[in-house]
Amino acid sequence: MIAGIPRARLGELHAREEVEFRHRHPRSAALAAAASEHLLAGVPMAWMRRWPGPFPLFVDSARGGRFTDVDGVEYVDLCLGDTGAMGGHALPAVAAAVADRAARGITAMLPTADAAWVAGELTRRFGLPAWQFALSATDANRFALRLARHATGRRKVLVFDWCYHGTVDETMVVLEAGTVVPRHGSLGPPVDPSATTVVVPFNDVDALAVALAAGDVACVLAEPALTNIGIVLPDPGFHDELRRLTRETGTLLLIDETHTICAGPGGYTAAYGLDPDLLVIGKPIGGGVPAAAYGLSAPLAAAVRADFEDPSIDVSGIGGTLAGNAMSVAAMRAALGTSLREEDFAAAIPLAERFTAGVAGVIAGHDLPWHVQQLGCRAEYWFGPAPRDGAAAAGAGDAELEAFLHLYALNRGVLLTPFHNMALFTPQHTPADADRHTDAFAGALAELFG
Ligand SMILES: Cc1ncc(COP(=O)(O)O)c(C=O)c1O
């Protein structure tokens, strides 16, 4: 909890917004009540309770940058499925490809013609020459880590403090007083995570050098900028040092672009000239259909090619019966062919800039020590100065304040991403959509601080 917030006022305002929320959403309330009968926590995935309001909104339909709930209320969607729909909801080409594939067979354990096109497109965008598919970024990360351990013969993985890479066991960790411990809330960690994982603060080149010098790290798994604890940008030169140190110590570098594809068609990697050994991309590349991919550099692909051609590959620990299924691959082809392209980012990024300028103006107007950070078509505000690492960002979190601001925005027709204050823009959004959030944000702070 941060200081300087009038908590009693915050509580009153939040209670008022909850009344309004209940009043507007009788059908969602009824569906939530019915769902709680046989769904643990009343939702298909427990984190769906983390939305603002006393119950989650139930969705009727979504298109472009908007969705409509079952009570007929339309929203500007700045969450976009936490990046899963970053190219826009209901992309026509994806809808057509899915319908076509559904009618012609969804999965047969055999390749379809779309796969080579998708792999070629991923190479064109990200630079790595060899690709395999998965159904989620979590799985793609898991498979890439296995490959890294196999290729290096080393056991450990290095991640940055307060990272998030999906539900990958090795990464559900945090540094506490210099010790690697399970992240608060991590259920049933399989082993003491210090046995598998080394953690260093983001942007801390000295700590990274010491950690890699031990020579037991197979792979550094990194988002190019942290995006799951606010946005923490790399210091100038950080990526050069990361690449230099990994090379010097024989450590592989895995860049997870699942969120940072917001920086452009080839993610942060293409935009800033990174040169990883492995790259993972999930979420939006299927236009919302489960799809992910991991790419290998030429030397790494050469090193593991024989293993991938070995008859024992079906029990390698890398795979999944439905991975690379015809529908998933068709969706990737349709999504990559019609969204997340240069021209799409050219339309979406100015909207994120507009959001950022609007929020910055409101923060400055109240003389608050908060900041708003933008990376491509993603922007996020946070209740402290721009942090250099995840722990500093985590220290400026405030669940109570966040819940109020999100609910306030929702009651005014704007959906922000739960867990943090993130907004994503798609070309189908408009300047008025960005301003709608600014107005709600301004209204909330005016009521809170008077
Ligand atoms: C950077 C990053 N990588 C991987 C994932 C995992 O994606 P999924 O939940 O689709 O497996 C996430 C999810 O938020 C993420 O933010």
# chains A, B, ... in the order shown; residues from 1 in each chain; ligands from 1
$ closest_atom_pairs --of "segment 116-234 of chain A" --to "segment 254-276 of chain A" --cutoff "7 Å" --atoms "only C-alpha atoms" --output "Markdown table"
| residue | atom | partner | partner_atom | distance |
| --- | --- | --- | --- | --- |
| A:Arg125 | CA | A:Gly266 | CA | 4.4 |
| A:Phe126 | CA | A:Gly266 | CA | 4.8 |
| A:Ala137 | CA | A:Thr258 | CA | 6.8 |
| A:Cys219 | CA | A:Leu254 | CA | 6.7 |
| A:Val220 | CA | A:Leu254 | CA | 5.9 |
| A:Leu221 | CA | A:Leu254 | CA | 4.8 |
| A:Ala222 | CA | A:Ile255 | CA | 5.1 |
| A:Glu223 | CA | A:Asp256 | CA | 4.9 |
| A:Pro224 | CA | A:Tyr268 | CA | 6.6 |
| A:Thr227 | CA | A:His259 | CA | 6.9 |
$ residues_around --residues "segment 141-153 of chain A" --least-positions-apart "6" --cutoff "8 Å" --atoms "only C-alpha atoms" --output "tab-separated table (two decimals) with N, CA, C and O atoms, in the first residue's frame"
chain	number	residue	atom	x	y	z
A	165	HIS	N	6.29	-15.58	-16.89
A	165	HIS	CA	6.42	-16.25	-18.18
A	165	HIS	C	5.37	-17.34	-18.32
A	165	HIS	O	5.60	-18.35	-19.00
A	168	VAL	N	5.13	-21.61	-15.65
A	168	VAL	CA	6.32	-22.45	-15.78
A	168	VAL	C	6.93	-22.60	-14.38
A	168	VAL	O	7.26	-21.60	-13.74
A	218	ALA	N	21.77	-22.98	-17.73
A	218	ALA	CA	21.55	-23.39	-19.12
A	218	ALA	C	21.07	-22.21	-19.96
A	218	ALA	O	21.46	-22.05	-21.11
A	219	CYS	N	20.24	-21.38	-19.33
A	219	CYS	CA	19.50	-20.43	-20.14
A	219	CYS	C	19.04	-19.25	-19.29
A	219	CYS	O	18.58	-19.44	-18.17
A	250	GLY	N	28.72	-19.31	-22.08
A	250	GLY	CA	28.10	-20.48	-22.73
A	250	GLY	C	26.66	-20.70	-22.32
A	250	GLY	O	26.15	-21.82	-22.31
A	251	THR	N	26.00	-19.59	-21.96
A	251	THR	CA	24.59	-19.66	-21.52
A	251	THR	C	23.70	-19.27	-22.68
A	251	THR	O	23.98	-18.29	-23.38
A	252	LEU	N	22.61	-20.00	-22.87
A	252	LEU	CA	21.69	-19.64	-23.95
A	252	LEU	C	20.79	-18.49	-23.49
A	252	LEU	O	20.54	-18.32	-22.29
A	254	LEU	N	17.05	-16.94	-24.01
A	254	LEU	CA	15.67	-17.13	-24.49
A	254	LEU	C	14.89	-15.85	-24.24
A	254	LEU	O	14.71	-15.43	-23.09
A	256	ASP	N	11.39	-13.95	-24.36
A	256	ASP	CA	9.95	-14.20	-24.38
A	256	ASP	C	9.25	-12.93	-24.87
A	256	ASP	O	9.17	-11.94	-24.16
A	278	LEU	N	17.00	-18.46	-28.53
A	278	LEU	CA	15.64	-19.01	-28.55
A	278	LEU	C	14.67	-17.85	-28.38
A	278	LEU	O	14.99	-16.87	-27.69
A	280	VAL	N	10.34	-17.05	-27.77
A	280	VAL	CA	8.98	-17.57	-27.59
A	280	VAL	C	7.98	-16.47	-27.91
A	280	VAL	O	8.17	-15.32	-27.53
A	294	TYR	N	7.98	-21.42	-30.73
A	294	TYR	CA	9.32	-21.09	-30.24
A	294	TYR	C	10.29	-21.29	-31.38
A	294	TYR	O	10.20	-22.24	-32.15
A	300	LEU	N	21.78	-23.47	-32.76
A	300	LEU	CA	21.04	-24.32	-31.82
A	300	LEU	C	20.19	-25.34	-32.59
A	300	LEU	O	20.12	-26.52	-32.21
A	303	ALA	N	22.33	-28.07	-33.60
A	303	ALA	CA	22.76	-28.92	-32.47
A	303	ALA	C	21.68	-29.92	-32.06
A	303	ALA	O	22.01	-31.00	-31.58
A	304	VAL	N	20.42	-29.56	-32.22
A	304	VAL	CA	19.35	-30.45	-31.74
A	304	VAL	C	18.58	-31.15	-32.87
A	304	VAL	O	17.69	-31.94	-32.60
A	317	GLY	N	9.41	-35.19	-23.80
A	317	GLY	CA	9.02	-34.16	-22.83
A	317	GLY	C	8.69	-32.85	-23.51
A	317	GLY	O	8.35	-31.87	-22.86
A	318	ILE	N	8.79	-32.84	-24.83
A	318	ILE	CA	8.47	-31.65	-25.62
A	318	ILE	C	7.36	-32.04	-26.58
A	318	ILE	O	7.55	-32.95	-27.39
A	319	GLY	N	6.21	-31.39	-26.48
A	319	GLY	CA	5.17	-31.75	-27.44
A	319	GLY	C	3.79	-31.53	-26.90
A	319	GLY	O	3.55	-30.64	-26.10
$ select_by_dssp --residues "segment 370-429 of chain A" --states "helix (DSSP H, G or I)" --output "number ranges by chain"
A: 390-395, 399-411
$ select_by_dssp --residues "segment 68-138 of chain A" --states "strand (DSSP E or B)" --output "list in words"
Thr68, Asp69, Glu74, Tyr75, Val76, Asp77, His89, Ala130, Trp131, Gln132, Phe133 and Ala134 of chain A
$ write_last_selection --atoms "C-alpha atoms" --output "JSON list (two decimals), in the first residue's frame"
[["chain", "number", "residue", "atom", "x", "y", "z"],
["A", 68, "THR", "CA", -20.52, -6.12, -25.12],
["A", 69, "ASP", "CA", -21.60, -7.85, -21.95],
["A", 74, "GLU", "CA", -20.61, -1.91, -24.55],
["A", 75, "TYR", "CA", -17.04, -1.30, -23.41],
["A", 76, "VAL", "CA", -13.80, 0.01, -24.84],
["A", 77, "ASP", "CA", -11.60, -3.02, -24.26],
["A", 89, "HIS", "CA", -11.30, -9.19, -31.44],
["A", 130, "ALA", "CA", 13.74, -22.76, -37.21],
["A", 131, "TRP", "CA", 10.36, -23.03, -35.46],
["A", 132, "GLN", "CA", 8.12, -25.43, -33.55],
["A", 133, "PHE", "CA", 4.59, -24.84, -32.35],
["A", 134, "ALA", "CA", 2.76, -25.12, -29.04]]
$ residues_around --residues "Cys163 of chain A" --least-positions-apart "4" --cutoff "10 Å" --atoms "only C-alpha atoms" --output "VMD selection string"
chain A and resid 159 171 to 174 199 201 to 202 221 to 223 225 to 229 389 to 390
$ residues_around --residues "Asp82 of chain A" --least-positions-apart "2" --cutoff "10 Å" --atoms "only C-alpha atoms" --output "list in words"
Leu78, Cys79, Leu80, Gly84, Ala85, Met86, His259, Lys283, Pro284, Leu416, Thr417, Pro418, Met422, Ala423 and Leu424 of chain A
$ write_last_selection --atoms "C-alpha atoms" --output "PDB file, in the first residue's frame"
ATOM      1  CA  LEU A  78      -8.076  -1.926 -23.304  1.00  0.00           C
ATOM      2  CA  CYS A  79      -7.284  -5.392 -21.933  1.00  0.00           C
ATOM      3  CA  LEU A  80      -7.717  -7.285 -25.185  1.00  0.00           C
ATOM      4  CA  GLY A  84      -4.445 -12.622 -26.666  1.00  0.00           C
ATOM      5  CA  ALA A  85      -6.593 -10.328 -28.799  1.00  0.00           C
ATOM      6  CA  MET A  86      -3.990  -7.619 -29.344  1.00  0.00           C
ATOM      7  CA  HIS A 259       3.813  -9.344 -24.427  1.00  0.00           C
ATOM      8  CA  LYS A 283      -1.082 -15.258 -27.248  1.00  0.00           C
ATOM      9  CA  PRO A 284      -1.905 -12.883 -30.144  1.00  0.00           C
ATOM     10  CA  LEU A 416      -8.326  -2.254 -18.082  1.00  0.00           C
ATOM     11  CA  THR A 417      -6.240  -5.398 -17.630  1.00  0.00           C
ATOM     12  CA  PRO A 418      -6.622  -6.993 -14.212  1.00  0.00           C
ATOM     13  CA  MET A 422      -2.253  -1.884 -18.396  1.00  0.00           C
ATOM     14  CA  ALA A 423      -3.866  -0.668 -21.593  1.00  0.00           C
ATOM     15  CA  LEU A 424      -3.369  -2.143 -25.029  1.00  0.00           C
TER      16      LEU A 424
END
$ closest_residue --among "A:Ser28, A:Thr196, A:Ser316, A:Ser297" --to "Phe55 of chain A" --atoms "only C-alpha atoms"
A:Ser28
$ closest_residue --among "A:Arg388, A:Pro111, A:Glu248, A:Thr123" --to "Asp235 of chain A" --atoms "only C-alpha atoms"
A:Arg388
$ closest_residue --among "A:Phe67, A:Tyr164, A:Phe419, A:Trp51" --to "ligand 1" --atoms "only C-alpha atoms and all ligand atoms"
A:Tyr164
$ closest_residue --among "A:Ala403, A:Leu242, A:Pro129, A:Asp139" --to "ligand 1" --atoms "only C-alpha atoms and all ligand atoms"
A:Asp139
$ closest_residue --among "A:Cys377, A:Val181, A:Ala140, A:Val198" --to "Pro427 of chain A" --atoms "only C-alpha atoms"
A:Cys377
$ atom_distance --atom1 "atom CA of Glu309 of chain A" --atom2 "atom CA of Ala115 of chain A"
17.7 Å
$ residues_around --residues "Gly4 of chain A" --least-positions-apart "3" --cutoff "12 Å" --atoms "only C-alpha atoms" --output "MDAnalysis selection string"
chainID A and resid 1 7:10 366:370 383:384 398 401 448:449
$ atom_distance --atom1 "atom CA of Gly166 of chain A" --atom2 "atom CA of Glu380 of chain A"
19.7 Å
$ closest_residue --among "A:Ala99, A:Leu122, A:Ile5, A:Val94" --to "Gly287 of chain A" --atoms "only C-alpha atoms"
A:Val94
$ residues_around --residues "Tyr408 of chain A" --least-positions-apart "2" --cutoff "12 Å" --atoms "only C-alpha atoms" --output "PyMOL selection string"
chain A and resi 10+13-21+52-53+401-406+410-416+436-448
$ atom_distance --atom1 "atom CA of Ala209 of chain A" --atom2 "atom CA of Leu245 of chain A"
6.4 Å
$ residues_around --residues "Ser194 of chain A" --least-positions-apart "5" --cutoff "10 Å" --atoms "only C-alpha atoms" --output "PDB file with all heavy atoms, in the first residue's frame"
ATOM      1  N   LYS A 156      20.331 -25.302 -14.468  1.00  0.00           N
ATOM      2  CA  LYS A 156      19.588 -24.147 -13.934  1.00  0.00           C
ATOM      3  C   LYS A 156      19.096 -23.181 -15.007  1.00  0.00           C
ATOM      4  O   LYS A 156      19.613 -23.135 -16.120  1.00  0.00           O
ATOM      5  CB  LYS A 156      20.472 -23.403 -12.937  1.00  0.00           C
ATOM      6  CG  LYS A 156      20.670 -24.211 -11.666  1.00  0.00           C
ATOM      7  CD  LYS A 156      21.086 -23.353 -10.523  1.00  0.00           C
ATOM      8  CE  LYS A 156      21.027 -24.148  -9.235  1.00  0.00           C
ATOM      9  NZ  LYS A 156      21.638 -23.459  -8.115  1.00  0.00           N
ATOM     10  N   VAL A 157      18.103 -22.417 -14.584  1.00  0.00           N
ATOM     11  CA  VAL A 157      17.537 -21.370 -15.430  1.00  0.00           C
ATOM     12  C   VAL A 157      17.678 -20.055 -14.668  1.00  0.00           C
ATOM     13  O   VAL A 157      17.485 -20.044 -13.449  1.00  0.00           O
ATOM     14  CB  VAL A 157      16.043 -21.675 -15.665  1.00  0.00           C
ATOM     15  CG1 VAL A 157      15.342 -20.518 -16.334  1.00  0.00           C
ATOM     16  CG2 VAL A 157      15.876 -22.963 -16.462  1.00  0.00           C
ATOM     17  N   GLU A 170       9.747 -23.303 -13.000  1.00  0.00           N
ATOM     18  CA  GLU A 170      11.033 -22.665 -12.657  1.00  0.00           C
ATOM     19  C   GLU A 170      10.893 -21.162 -12.466  1.00  0.00           C
ATOM     20  O   GLU A 170      11.770 -20.528 -11.872  1.00  0.00           O
ATOM     21  CB  GLU A 170      12.069 -22.906 -13.769  1.00  0.00           C
ATOM     22  CG  GLU A 170      12.528 -24.336 -13.923  1.00  0.00           C
ATOM     23  CD  GLU A 170      11.703 -25.078 -14.961  1.00  0.00           C
ATOM     24  OE1 GLU A 170      10.518 -24.742 -15.154  1.00  0.00           O
ATOM     25  OE2 GLU A 170      12.251 -26.005 -15.577  1.00  0.00           O
ATOM     26  N   VAL A 173       8.839 -17.700  -9.050  1.00  0.00           N
ATOM     27  CA  VAL A 173       9.802 -17.442  -7.981  1.00  0.00           C
ATOM     28  C   VAL A 173       9.976 -15.947  -7.787  1.00  0.00           C
ATOM     29  O   VAL A 173       9.616 -15.150  -8.650  1.00  0.00           O
ATOM     30  CB  VAL A 173      11.179 -18.044  -8.344  1.00  0.00           C
ATOM     31  CG1 VAL A 173      11.119 -19.547  -8.414  1.00  0.00           C
ATOM     32  CG2 VAL A 173      11.698 -17.477  -9.662  1.00  0.00           C
ATOM     33  N   LEU A 175      12.803 -13.097  -5.439  1.00  0.00           N
ATOM     34  CA  LEU A 175      13.951 -12.960  -4.524  1.00  0.00           C
ATOM     35  C   LEU A 175      13.460 -12.364  -3.217  1.00  0.00           C
ATOM     36  O   LEU A 175      12.808 -11.319  -3.226  1.00  0.00           O
ATOM     37  CB  LEU A 175      14.974 -11.987  -5.113  1.00  0.00           C
ATOM     38  CG  LEU A 175      16.134 -12.502  -5.939  1.00  0.00           C
ATOM     39  CD1 LEU A 175      17.057 -11.348  -6.286  1.00  0.00           C
ATOM     40  CD2 LEU A 175      16.899 -13.613  -5.243  1.00  0.00           C
ATOM     41  N   THR A 179      17.362 -14.537  -1.335  1.00  0.00           N
ATOM     42  CA  THR A 179      17.109 -15.977  -1.492  1.00  0.00           C
ATOM     43  C   THR A 179      15.977 -16.196  -2.493  1.00  0.00           C
ATOM     44  O   THR A 179      14.990 -15.450  -2.500  1.00  0.00           O
ATOM     45  CB  THR A 179      16.699 -16.590  -0.122  1.00  0.00           C
ATOM     46  OG1 THR A 179      17.726 -16.279   0.810  1.00  0.00           O
ATOM     47  CG2 THR A 179      16.521 -18.087  -0.205  1.00  0.00           C
ATOM     48  N   VAL A 180      16.112 -17.238  -3.313  1.00  0.00           N
ATOM     49  CA  VAL A 180      15.058 -17.584  -4.272  1.00  0.00           C
ATOM     50  C   VAL A 180      13.969 -18.366  -3.547  1.00  0.00           C
ATOM     51  O   VAL A 180      14.231 -19.441  -2.986  1.00  0.00           O
ATOM     52  CB  VAL A 180      15.637 -18.441  -5.428  1.00  0.00           C
ATOM     53  CG1 VAL A 180      14.534 -18.848  -6.399  1.00  0.00           C
ATOM     54  CG2 VAL A 180      16.741 -17.681  -6.147  1.00  0.00           C
ATOM     55  N   VAL A 181      12.750 -17.830  -3.542  1.00  0.00           N
ATOM     56  CA  VAL A 181      11.636 -18.503  -2.858  1.00  0.00           C
ATOM     57  C   VAL A 181      10.454 -18.583  -3.816  1.00  0.00           C
ATOM     58  O   VAL A 181      10.377 -17.811  -4.780  1.00  0.00           O
ATOM     59  CB  VAL A 181      11.215 -17.763  -1.565  1.00  0.00           C
ATOM     60  CG1 VAL A 181      12.349 -17.736  -0.547  1.00  0.00           C
ATOM     61  CG2 VAL A 181      10.750 -16.340  -1.874  1.00  0.00           C
ATOM     62  N   PRO A 182       9.506 -19.514  -3.541  1.00  0.00           N
ATOM     63  CA  PRO A 182       8.307 -19.551  -4.387  1.00  0.00           C
ATOM     64  C   PRO A 182       7.581 -18.213  -4.306  1.00  0.00           C
ATOM     65  O   PRO A 182       7.526 -17.604  -3.245  1.00  0.00           O
ATOM     66  CB  PRO A 182       7.458 -20.661  -3.764  1.00  0.00           C
ATOM     67  CG  PRO A 182       8.395 -21.472  -2.952  1.00  0.00           C
ATOM     68  CD  PRO A 182       9.485 -20.548  -2.492  1.00  0.00           C
ATOM     69  N   VAL A 199      17.824 -16.162  -9.619  1.00  0.00           N
ATOM     70  CA  VAL A 199      17.065 -14.935  -9.863  1.00  0.00           C
ATOM     71  C   VAL A 199      17.965 -13.726  -9.618  1.00  0.00           C
ATOM     72  O   VAL A 199      18.655 -13.664  -8.591  1.00  0.00           O
ATOM     73  CB  VAL A 199      15.838 -14.857  -8.929  1.00  0.00           C
ATOM     74  CG1 VAL A 199      15.019 -13.600  -9.224  1.00  0.00           C
ATOM     75  CG2 VAL A 199      14.962 -16.096  -9.072  1.00  0.00           C
TER      76      VAL A 199
END
$ decode --residues "segment 213-224 of chain A" --atoms "all heavy atoms" --output "mmCIF file, in the first residue's frame"
data_model
loop_
_atom_site.group_PDB
_atom_site.id
_atom_site.type_symbol
_atom_site.label_atom_id
_atom_site.label_comp_id
_atom_site.auth_asym_id
_atom_site.auth_seq_id
_atom_site.Cartn_x
_atom_site.Cartn_y
_atom_site.Cartn_z
ATOM 1 N N ALA A 213 28.642 -16.551 -13.901
ATOM 2 C CA ALA A 213 30.032 -17.017 -13.779
ATOM 3 C C ALA A 213 30.108 -18.420 -13.191
ATOM 4 O O ALA A 213 31.066 -19.158 -13.453
ATOM 5 C CB ALA A 213 30.826 -16.039 -12.913
ATOM 6 N N ALA A 214 29.099 -18.810 -12.439
ATOM 7 C CA ALA A 214 29.104 -20.151 -11.839
ATOM 8 C C ALA A 214 29.085 -21.249 -12.901
ATOM 9 O O ALA A 214 29.469 -22.392 -12.634
ATOM 10 C CB ALA A 214 27.922 -20.293 -10.884
ATOM 11 N N GLY A 215 28.602 -20.921 -14.104
ATOM 12 C CA GLY A 215 28.653 -21.893 -15.201
ATOM 13 C C GLY A 215 27.620 -23.006 -15.134
ATOM 14 O O GLY A 215 27.740 -24.005 -15.849
ATOM 15 N N ASP A 216 26.601 -22.835 -14.300
ATOM 16 C CA ASP A 216 25.595 -23.900 -14.202
ATOM 17 C C ASP A 216 24.232 -23.478 -14.760
ATOM 18 O O ASP A 216 23.242 -24.193 -14.621
ATOM 19 C CB ASP A 216 25.432 -24.361 -12.741
ATOM 20 C CG ASP A 216 25.052 -23.223 -11.800
ATOM 21 O OD1 ASP A 216 25.027 -22.062 -12.254
ATOM 22 O OD2 ASP A 216 24.786 -23.501 -10.615
ATOM 23 N N VAL A 217 24.195 -22.310 -15.409
ATOM 24 C CA VAL A 217 22.906 -21.828 -15.950
ATOM 25 C C VAL A 217 22.804 -22.218 -17.425
ATOM 26 O O VAL A 217 23.635 -21.830 -18.245
ATOM 27 C CB VAL A 217 22.779 -20.298 -15.778
ATOM 28 C CG1 VAL A 217 21.509 -19.801 -16.455
ATOM 29 C CG2 VAL A 217 22.792 -19.926 -14.298
ATOM 30 N N ALA A 218 21.769 -22.976 -17.734
ATOM 31 C CA ALA A 218 21.546 -23.389 -19.125
ATOM 32 C C ALA A 218 21.073 -22.212 -19.956
ATOM 33 O O ALA A 218 21.463 -22.049 -21.112
ATOM 34 C CB ALA A 218 20.503 -24.506 -19.170
ATOM 35 N N CYS A 219 20.240 -21.384 -19.335
ATOM 36 C CA CYS A 219 19.504 -20.429 -20.138
ATOM 37 C C CYS A 219 19.039 -19.253 -19.291
ATOM 38 O O CYS A 219 18.582 -19.440 -18.167
ATOM 39 C CB CYS A 219 18.276 -21.177 -20.677
ATOM 40 S SG CYS A 219 17.199 -20.231 -21.693
ATOM 41 N N VAL A 220 19.160 -18.059 -19.834
ATOM 42 C CA VAL A 220 18.481 -16.892 -19.255
ATOM 43 C C VAL A 220 17.160 -16.754 -19.994
ATOM 44 O O VAL A 220 17.138 -16.678 -21.229
ATOM 45 C CB VAL A 220 19.308 -15.600 -19.419
ATOM 46 C CG1 VAL A 220 18.493 -14.393 -18.971
ATOM 47 C CG2 VAL A 220 20.610 -15.697 -18.647
ATOM 48 N N LEU A 221 16.073 -16.750 -19.244
ATOM 49 C CA LEU A 221 14.746 -16.532 -19.827
ATOM 50 C C LEU A 221 14.323 -15.126 -19.447
ATOM 51 O O LEU A 221 14.209 -14.803 -18.254
ATOM 52 C CB LEU A 221 13.758 -17.568 -19.275
ATOM 53 C CG LEU A 221 12.261 -17.302 -19.488
ATOM 54 C CD1 LEU A 221 11.920 -17.083 -20.951
ATOM 55 C CD2 LEU A 221 11.443 -18.477 -18.933
ATOM 56 N N ALA A 222 14.106 -14.278 -20.458
ATOM 57 C CA ALA A 222 13.845 -12.864 -20.166
ATOM 58 C C ALA A 222 12.802 -12.279 -21.086
ATOM 59 O O ALA A 222 12.800 -12.557 -22.293
ATOM 60 C CB ALA A 222 15.137 -12.060 -20.318
ATOM 61 N N GLU A 223 11.936 -11.466 -20.521
ATOM 62 C CA GLU A 223 11.188 -10.517 -21.349
ATOM 63 C C GLU A 223 12.160 -9.379 -21.643
ATOM 64 O O GLU A 223 12.900 -8.947 -20.738
ATOM 65 C CB GLU A 223 10.008 -9.944 -20.575
ATOM 66 C CG GLU A 223 8.753 -10.760 -20.577
ATOM 67 C CD GLU A 223 7.590 -9.906 -20.093
ATOM 68 O OE1 GLU A 223 7.494 -9.643 -18.890
ATOM 69 O OE2 GLU A 223 6.779 -9.501 -20.933
ATOM 70 N N PRO A 224 12.152 -8.815 -22.834
ATOM 71 C CA PRO A 224 13.092 -7.721 -23.129
ATOM 72 C C PRO A 224 12.845 -6.507 -22.252
ATOM 73 O O PRO A 224 13.764 -5.779 -21.912
ATOM 74 C CB PRO A 224 12.813 -7.390 -24.593
ATOM 75 C CG PRO A 224 11.996 -8.494 -25.138
ATOM 76 C CD PRO A 224 11.345 -9.211 -24.000
#
